Structure formats: C-alpha cells, structure tokens
$ cat final-v1.cif   # mmCIF, C-alpha atoms and all ligand atoms; chains and numbers go by the auth columns
data_query
loop_
_atom_site.group_PDB
_atom_site.id
_atom_site.type_symbol
_atom_site.label_atom_id
_atom_site.label_comp_id
_atom_site.label_asym_id
_atom_site.label_seq_id
_atom_site.Cartn_x
_atom_site.Cartn_y
_atom_site.Cartn_z
_atom_site.B_iso_or_equiv
_atom_site.auth_seq_id
_atom_site.auth_asym_id
ATOM 1 C CA MET A 1 10.997 15.827 -56.569 0.00 1 A
ATOM 2 C CA LYS A 2 13.049 18.620 -58.076 0.00 2 A
ATOM 3 C CA ASP A 3 16.529 19.803 -57.225 0.00 3 A
ATOM 4 C CA CYS A 4 16.672 23.183 -55.557 0.00 4 A
ATOM 5 C CA TYR A 5 19.514 25.520 -54.578 0.00 5 A
ATOM 6 C CA ASN A 6 22.619 24.180 -52.787 0.00 6 A
ATOM 7 C CA GLY A 7 21.635 20.535 -53.150 0.00 7 A
ATOM 8 C CA TYR A 8 18.341 20.898 -51.298 0.00 8 A
ATOM 9 C CA GLN A 9 15.353 19.017 -52.568 0.00 9 A
ATOM 10 C CA GLU A 10 11.996 20.734 -52.642 0.00 10 A
ATOM 11 C CA LEU A 11 9.308 18.220 -51.735 0.00 11 A
ATOM 12 C CA HIS A 12 5.569 18.452 -51.412 0.00 12 A
ATOM 13 C CA LEU A 13 4.471 15.815 -48.927 0.00 13 A
ATOM 14 C CA ASN A 14 1.426 15.185 -46.814 0.00 14 A
ATOM 15 C CA GLY A 15 1.847 14.583 -43.098 0.00 15 A
ATOM 16 C CA LEU A 16 1.812 10.811 -43.530 0.00 16 A
ATOM 17 C CA GLU A 17 4.593 10.902 -46.152 0.00 17 A
ATOM 18 C CA LEU A 18 6.567 13.320 -44.006 0.00 18 A
ATOM 19 C CA ARG A 19 6.476 10.889 -41.067 0.00 19 A
ATOM 20 C CA GLU A 20 7.443 8.040 -43.422 0.00 20 A
ATOM 21 C CA LEU A 21 10.443 10.028 -44.732 0.00 21 A
ATOM 22 C CA PHE A 22 11.884 10.317 -41.209 0.00 22 A
ATOM 23 C CA LYS A 23 10.807 6.954 -39.853 0.00 23 A
ATOM 24 C CA ASN A 24 13.712 5.573 -37.732 0.00 24 A
ATOM 25 C CA SER A 25 15.676 8.798 -38.240 0.00 25 A
ATOM 26 C CA PHE A 26 17.303 10.971 -35.603 0.00 26 A
ATOM 27 C CA TYR A 27 18.872 14.379 -35.699 0.00 27 A
ATOM 28 C CA CYS A 28 21.659 15.930 -33.681 0.00 28 A
ATOM 29 C CA THR A 29 20.587 18.487 -31.082 0.00 29 A
ATOM 30 C CA GLY A 30 23.965 18.999 -29.428 0.00 30 A
ATOM 31 C CA ARG A 31 27.229 17.458 -28.269 0.00 31 A
ATOM 32 C CA HIS A 32 28.499 16.532 -24.833 0.00 32 A
ATOM 33 C CA HIS A 33 32.140 15.404 -24.564 0.00 33 A
ATOM 34 C CA GLY A 34 32.522 12.323 -26.807 0.00 34 A
ATOM 35 C CA THR A 35 28.833 11.829 -27.495 0.00 35 A
ATOM 36 C CA ILE A 36 26.242 13.308 -29.797 0.00 36 A
ATOM 37 C CA ILE A 37 22.832 14.051 -28.324 0.00 37 A
ATOM 38 C CA ALA A 38 20.046 13.262 -30.746 0.00 38 A
ATOM 39 C CA LEU A 39 16.281 13.250 -30.962 0.00 39 A
ATOM 40 C CA PRO A 40 14.067 10.768 -32.863 0.00 40 A
ATOM 41 C CA ILE A 41 12.499 12.868 -35.623 0.00 41 A
ATOM 42 C CA PRO A 42 9.070 11.143 -35.436 0.00 42 A
ATOM 43 C CA VAL A 43 8.911 12.045 -31.714 0.00 43 A
ATOM 44 C CA TYR A 44 9.740 15.645 -32.585 0.00 44 A
ATOM 45 C CA LEU A 45 7.150 15.716 -35.406 0.00 45 A
ATOM 46 C CA GLU A 46 4.475 14.651 -32.897 0.00 46 A
ATOM 47 C CA THR A 47 4.922 17.976 -31.098 0.00 47 A
ATOM 48 C CA LEU A 48 4.282 20.061 -34.251 0.00 48 A
ATOM 49 C CA ASN A 49 0.624 19.305 -34.939 0.00 49 A
ATOM 50 C CA ILE A 50 1.473 17.951 -38.421 0.00 50 A
ATOM 51 C CA LYS A 51 -1.769 16.648 -39.940 0.00 51 A
ATOM 52 C CA ASN A 52 -1.643 13.421 -41.978 0.00 52 A
ATOM 53 C CA GLU A 53 -3.960 14.657 -44.745 0.00 53 A
ATOM 54 C CA GLU A 54 -2.470 18.152 -45.151 0.00 54 A
ATOM 55 C CA THR A 55 0.313 18.878 -47.656 0.00 55 A
ATOM 56 C CA TYR A 56 3.544 20.550 -46.609 0.00 56 A
ATOM 57 C CA ARG A 57 6.343 22.194 -48.543 0.00 57 A
ATOM 58 C CA ILE A 58 9.739 20.857 -47.497 0.00 58 A
ATOM 59 C CA PHE A 59 13.312 21.857 -48.198 0.00 59 A
ATOM 60 C CA TYR A 60 15.473 18.937 -47.304 0.00 60 A
ATOM 61 C CA ASN A 61 18.929 17.428 -47.559 0.00 61 A
ATOM 62 C CA GLU A 62 20.821 14.889 -45.444 0.00 62 A
ATOM 63 C CA ASN A 63 21.531 17.483 -42.705 0.00 63 A
ATOM 64 C CA PHE A 64 18.658 19.903 -42.763 0.00 64 A
ATOM 65 C CA CYS A 65 14.881 20.049 -43.070 0.00 65 A
ATOM 66 C CA LYS A 66 12.596 23.079 -43.277 0.00 66 A
ATOM 67 C CA ILE A 67 8.836 22.531 -43.163 0.00 67 A
ATOM 68 C CA MET A 68 6.297 25.097 -44.368 0.00 68 A
ATOM 69 C CA LYS A 69 2.541 25.149 -44.863 0.00 69 A
ATOM 70 C CA GLU A 70 2.108 24.561 -48.581 0.00 70 A
ATOM 71 C CA LYS A 71 -0.657 27.077 -49.279 0.00 71 A
ATOM 72 C CA THR A 72 0.680 30.005 -47.263 0.00 72 A
ATOM 73 C CA ASP A 73 4.424 29.231 -47.002 0.00 73 A
ATOM 74 C CA VAL A 74 4.157 29.969 -43.275 0.00 74 A
ATOM 75 C CA ASP A 75 7.169 28.412 -41.516 0.00 75 A
ATOM 76 C CA ILE A 76 6.352 25.527 -39.222 0.00 76 A
ATOM 77 C CA THR A 77 9.867 24.545 -38.207 0.00 77 A
ATOM 78 C CA PHE A 78 13.345 23.642 -39.314 0.00 78 A
ATOM 79 C CA PHE A 79 15.700 21.129 -37.755 0.00 79 A
ATOM 80 C CA GLY A 80 19.208 19.931 -38.393 0.00 80 A
ATOM 81 C CA HIS A 81 21.940 22.290 -39.542 0.00 81 A
ATOM 82 C CA ALA A 82 22.996 23.250 -43.030 0.00 82 A
ATOM 83 C CA THR A 83 26.747 22.900 -42.521 0.00 83 A
ATOM 84 C CA SER A 84 27.849 20.982 -39.397 0.00 84 A
ATOM 85 C CA ARG A 85 29.397 17.565 -40.057 0.00 85 A
ATOM 86 C CA PHE A 86 27.821 16.340 -36.806 0.00 86 A
ATOM 87 C CA SER A 87 24.295 17.143 -37.860 0.00 87 A
ATOM 88 C CA LYS A 88 23.628 14.389 -40.386 0.00 88 A
ATOM 89 C CA PHE A 89 20.366 12.554 -39.881 0.00 89 A
ATOM 90 C CA PHE A 90 21.133 9.029 -38.807 0.00 90 A
ATOM 91 C CA SER A 91 19.357 5.746 -38.255 0.00 91 A
ATOM 92 C CA GLU A 92 18.673 3.502 -35.289 0.00 92 A
ATOM 93 C CA GLU A 93 21.629 1.220 -36.125 0.00 93 A
ATOM 94 C CA ASP A 94 23.967 4.162 -35.432 0.00 94 A
ATOM 95 C CA LEU A 95 22.738 4.541 -31.888 0.00 95 A
ATOM 96 C CA HIS A 96 24.768 3.907 -28.823 0.00 96 A
ATOM 97 C CA ILE A 97 22.432 2.060 -26.438 0.00 97 A
ATOM 98 C CA PRO A 98 22.891 3.461 -22.928 0.00 98 A
ATOM 99 C CA LYS A 99 23.317 1.294 -19.820 0.00 99 A
ATOM 100 C CA CYS A 100 20.828 1.396 -16.966 0.00 100 A
ATOM 101 C CA PRO A 101 21.910 3.895 -14.297 0.00 101 A
ATOM 102 C CA LEU A 102 20.634 1.549 -11.525 0.00 102 A
ATOM 103 C CA CYS A 103 21.788 -1.957 -12.580 0.00 103 A
ATOM 104 C CA ASN A 104 24.034 -1.444 -15.655 0.00 104 A
ATOM 105 C CA SER A 105 21.849 -3.620 -17.939 0.00 105 A
ATOM 106 C CA GLU A 106 21.183 -2.583 -21.516 0.00 106 A
ATOM 107 C CA MET A 107 18.262 -0.192 -21.967 0.00 107 A
ATOM 108 C CA LYS A 108 15.402 -0.374 -24.460 0.00 108 A
ATOM 109 C CA LEU A 109 13.427 2.341 -26.246 0.00 109 A
ATOM 110 C CA ARG A 110 9.951 2.273 -24.749 0.00 110 A
ATOM 111 C CA ASN A 111 6.748 4.163 -25.314 0.00 111 A
ATOM 112 C CA SER A 112 4.367 5.583 -22.749 0.00 112 A
ATOM 113 C CA GLN A 113 1.497 8.065 -22.813 0.00 113 A
ATOM 114 C CA TYR A 114 4.163 10.713 -22.125 0.00 114 A
ATOM 115 C CA GLY A 115 6.286 9.755 -25.147 0.00 115 A
ATOM 116 C CA GLU A 116 9.378 7.654 -25.770 0.00 116 A
ATOM 117 C CA PHE A 117 12.035 7.047 -23.156 0.00 117 A
ATOM 118 C CA TRP A 118 14.848 4.620 -22.347 0.00 118 A
ATOM 119 C CA GLY A 119 13.692 1.941 -19.898 0.00 119 A
ATOM 120 C CA CYS A 120 15.749 -0.826 -18.316 0.00 120 A
ATOM 121 C CA SER A 121 15.562 -4.193 -20.137 0.00 121 A
ATOM 122 C CA LYS A 122 15.111 -5.835 -16.693 0.00 122 A
ATOM 123 C CA TYR A 123 11.798 -4.037 -16.110 0.00 123 A
ATOM 124 C CA PRO A 124 9.715 -4.687 -13.961 0.00 124 A
ATOM 125 C CA ASP A 125 12.522 -5.978 -11.687 0.00 125 A
ATOM 126 C CA CYS A 126 14.402 -2.721 -12.282 0.00 126 A
ATOM 127 C CA ARG A 127 12.741 0.670 -12.753 0.00 127 A
ATOM 128 C CA GLY A 128 15.789 2.413 -14.240 0.00 128 A
ATOM 129 C CA LYS A 129 14.926 5.158 -16.797 0.00 129 A
ATOM 130 C CA LEU A 130 16.652 7.759 -18.941 0.00 130 A
ATOM 131 C CA GLN A 131 15.106 10.558 -20.925 0.00 131 A
ATOM 132 C CA ILE A 132 15.593 10.977 -24.656 0.00 132 A
ATOM 133 C CA GLY A 133 18.005 12.752 -26.030 0.00 133 A
ATOM 134 C CA ILE A 134 19.468 9.598 -27.109 0.00 134 A
ATOM 135 C CA ILE A 135 23.220 9.341 -26.991 0.00 135 A
ATOM 136 C CA LYS A 136 25.257 8.477 -30.035 0.00 136 A
ATOM 137 C CA LYS A 137 28.931 7.629 -30.051 0.00 137 A
ATOM 138 C CA ASP A 138 31.152 10.264 -31.616 0.00 138 A
ATOM 139 C CA TYR A 139 32.840 9.521 -34.924 0.00 139 A
HETATM 140 ZN ZN ZN B . 18.162 -1.558 -14.598 0.00 201 B
#

$ encode --input "final-v1.cif" --output "structure tokens" --more "lines below"
Ligand SMILES: [Zn+2]
Amino acid sequence: MKDCYNGYQELHLNGLELRELFKNSFYCTGRHHGTIIALPIPVYLETLNIKNEETYRIFYNENFCKIMKEKTDVDITFFGHATSRFSKFFSEEDLHIPKCPLCNSEMKLRNSQYGEFWGCSKYPDCRGKLQIGIIKKDY
C-alpha cells in the first residue's frame, strides 16, 4: 500500500480482497430529515460484476472509493464522496435498526434470492418488510 495524493491510498486488490475490505461497511447515499440513508457496500459490489480472481486498482480513503480495471485503468465505479462529513463509511454497529411498519417490532437484516432487505423479527407471524437503504441516525 502506498500513499497517494490528498491522503488517498492506491491499492491493488483482487475481487476477494476488495469484498473483504468493505465487509460490514456501509456508505451514505443521501439524507432525509434527521437520518442518513446508506447502502451495504458488499450488496452494492454484487451489482458490479467484480470477479474474485481479477485484480483491481483502487483509490480509497475513509469517505471515498474509486475502482478501476488494473490492466486498462477503465473506470468501474466510484462511491462515497471526497469531502462531505456525512459520507464516511461506517459499520453495522452504527446502524439504526428500523421498527416494523406493521407491528412495531425490531427488524432484522435478511437475505433472499433478490438481495438483502429488512424483515420483521416476528416472521413468519408478521410479514412486515422494508427495503434497503438502511437508515442511520444523524450525528
Ligand atoms: Zn412485524
């Protein structure tokens, strides 16, 4: 790992290491009143056709990540923001767990063939669901 401009690190990681780097991490996609809307980064990475055995060139700091194909430097994506104080990557412990819209019980992160979602902890008695973006309390 070598230090790059403006505090960015330049990393060369394969797809597996890239997923490991952002395991349990989320990034801010927007704000709504007192809450921050965030996306689990591993869920986002699933949509990008990142291959485990291929190597990628990454510019990365605590707020921002740019991913390029290593051999061609073709941009794959970037996420996060370089400057906003609300865009820090954060971990699962930071999350505000939403309440079920049907019965007000706590919700749990669940997985289905269609991806992750919030499901009611009283399932199967209650079928309450919320989509991810996850909601984080403002700070
Ligand atoms: Zn419920």

$ residues_around --input "final-v1.cif" --residues "Asn104 (chain A)" --least-positions-apart "6" --cutoff "12 Å" --atoms "all atoms listed in the file" --output "ChimeraX atom specification"
/A:97-98,119-122,126-129

$ closest_residue --input "final-v1.cif" --among "A:Val43, A:Cys28, A:Leu11, A:Ile76" --to "Phe89 (chain A)" --atoms "only C-alpha atoms"
A:Cys28

$ resolve_selection --input "final-v1.cif" --expression "the PyMOL selection byres (((chain A and resi 67) around 9) and not hetatm)" --output "list in words"
Tyr56, Arg57, Ile58, Phe59, Tyr60, Cys65, Lys66, Met68, Lys69, Glu70, Asp73, Val74, Asp75, Ile76, Thr77, Phe78 and Phe79 of chain A

$ residues_around --input "final-v1.cif" --residues "region 20-22 of chain A" --least-positions-apart "5" --cutoff "12 Å" --atoms "all atoms listed in the file" --output "list in words"
Leu11, His12, Leu13, Asn14, Gly15, Tyr27, Leu39, Pro40, Ile41, Pro42, Val43, Tyr44, Leu45, Glu46, Asn52, Ile58, Tyr60, Asn61, Glu62, Phe64, Cys65, Phe79, Phe89, Phe90, Ser91 and Glu92 of chain A

$ closest_residue --input "final-v1.cif" --among "A:Cys103, A:Arg110, A:Asn24, A:Asp125" --to "ligand ZN 201 (chain B)" --atoms "all atoms listed in the file"
A:Cys103

$ closest_residue --input "final-v1.cif" --among "A:Ser105, A:Thr29, A:Gln9, A:Asn63" --to "ligand ZN 201 (chain B)" --atoms "only C-alpha atoms and all ligand atoms"
A:Ser105

$ atom_distance --input "final-v1.cif" --atom1 "CA of Ser112 (chain A)" --atom2 "CA of Glu53 (chain A)"
25.2 Å

$ atom_distance --input "final-v1.cif" --atom1 "CA of Leu18 (chain A)" --atom2 "CA of Asn49 (chain A)"
12.4 Å

$ atom_distance --input "final-v1.cif" --atom1 "CA of Leu130 (chain A)" --atom2 "CA of Phe26 (chain A)"
17.0 Å

$ closest_residue --input "final-v1.cif" --among "A:Ile50, A:Gln113, A:Lys108, A:Gln131" --to "ligand ZN 201 (chain B)" --atoms "all atoms listed in the file"
A:Lys108
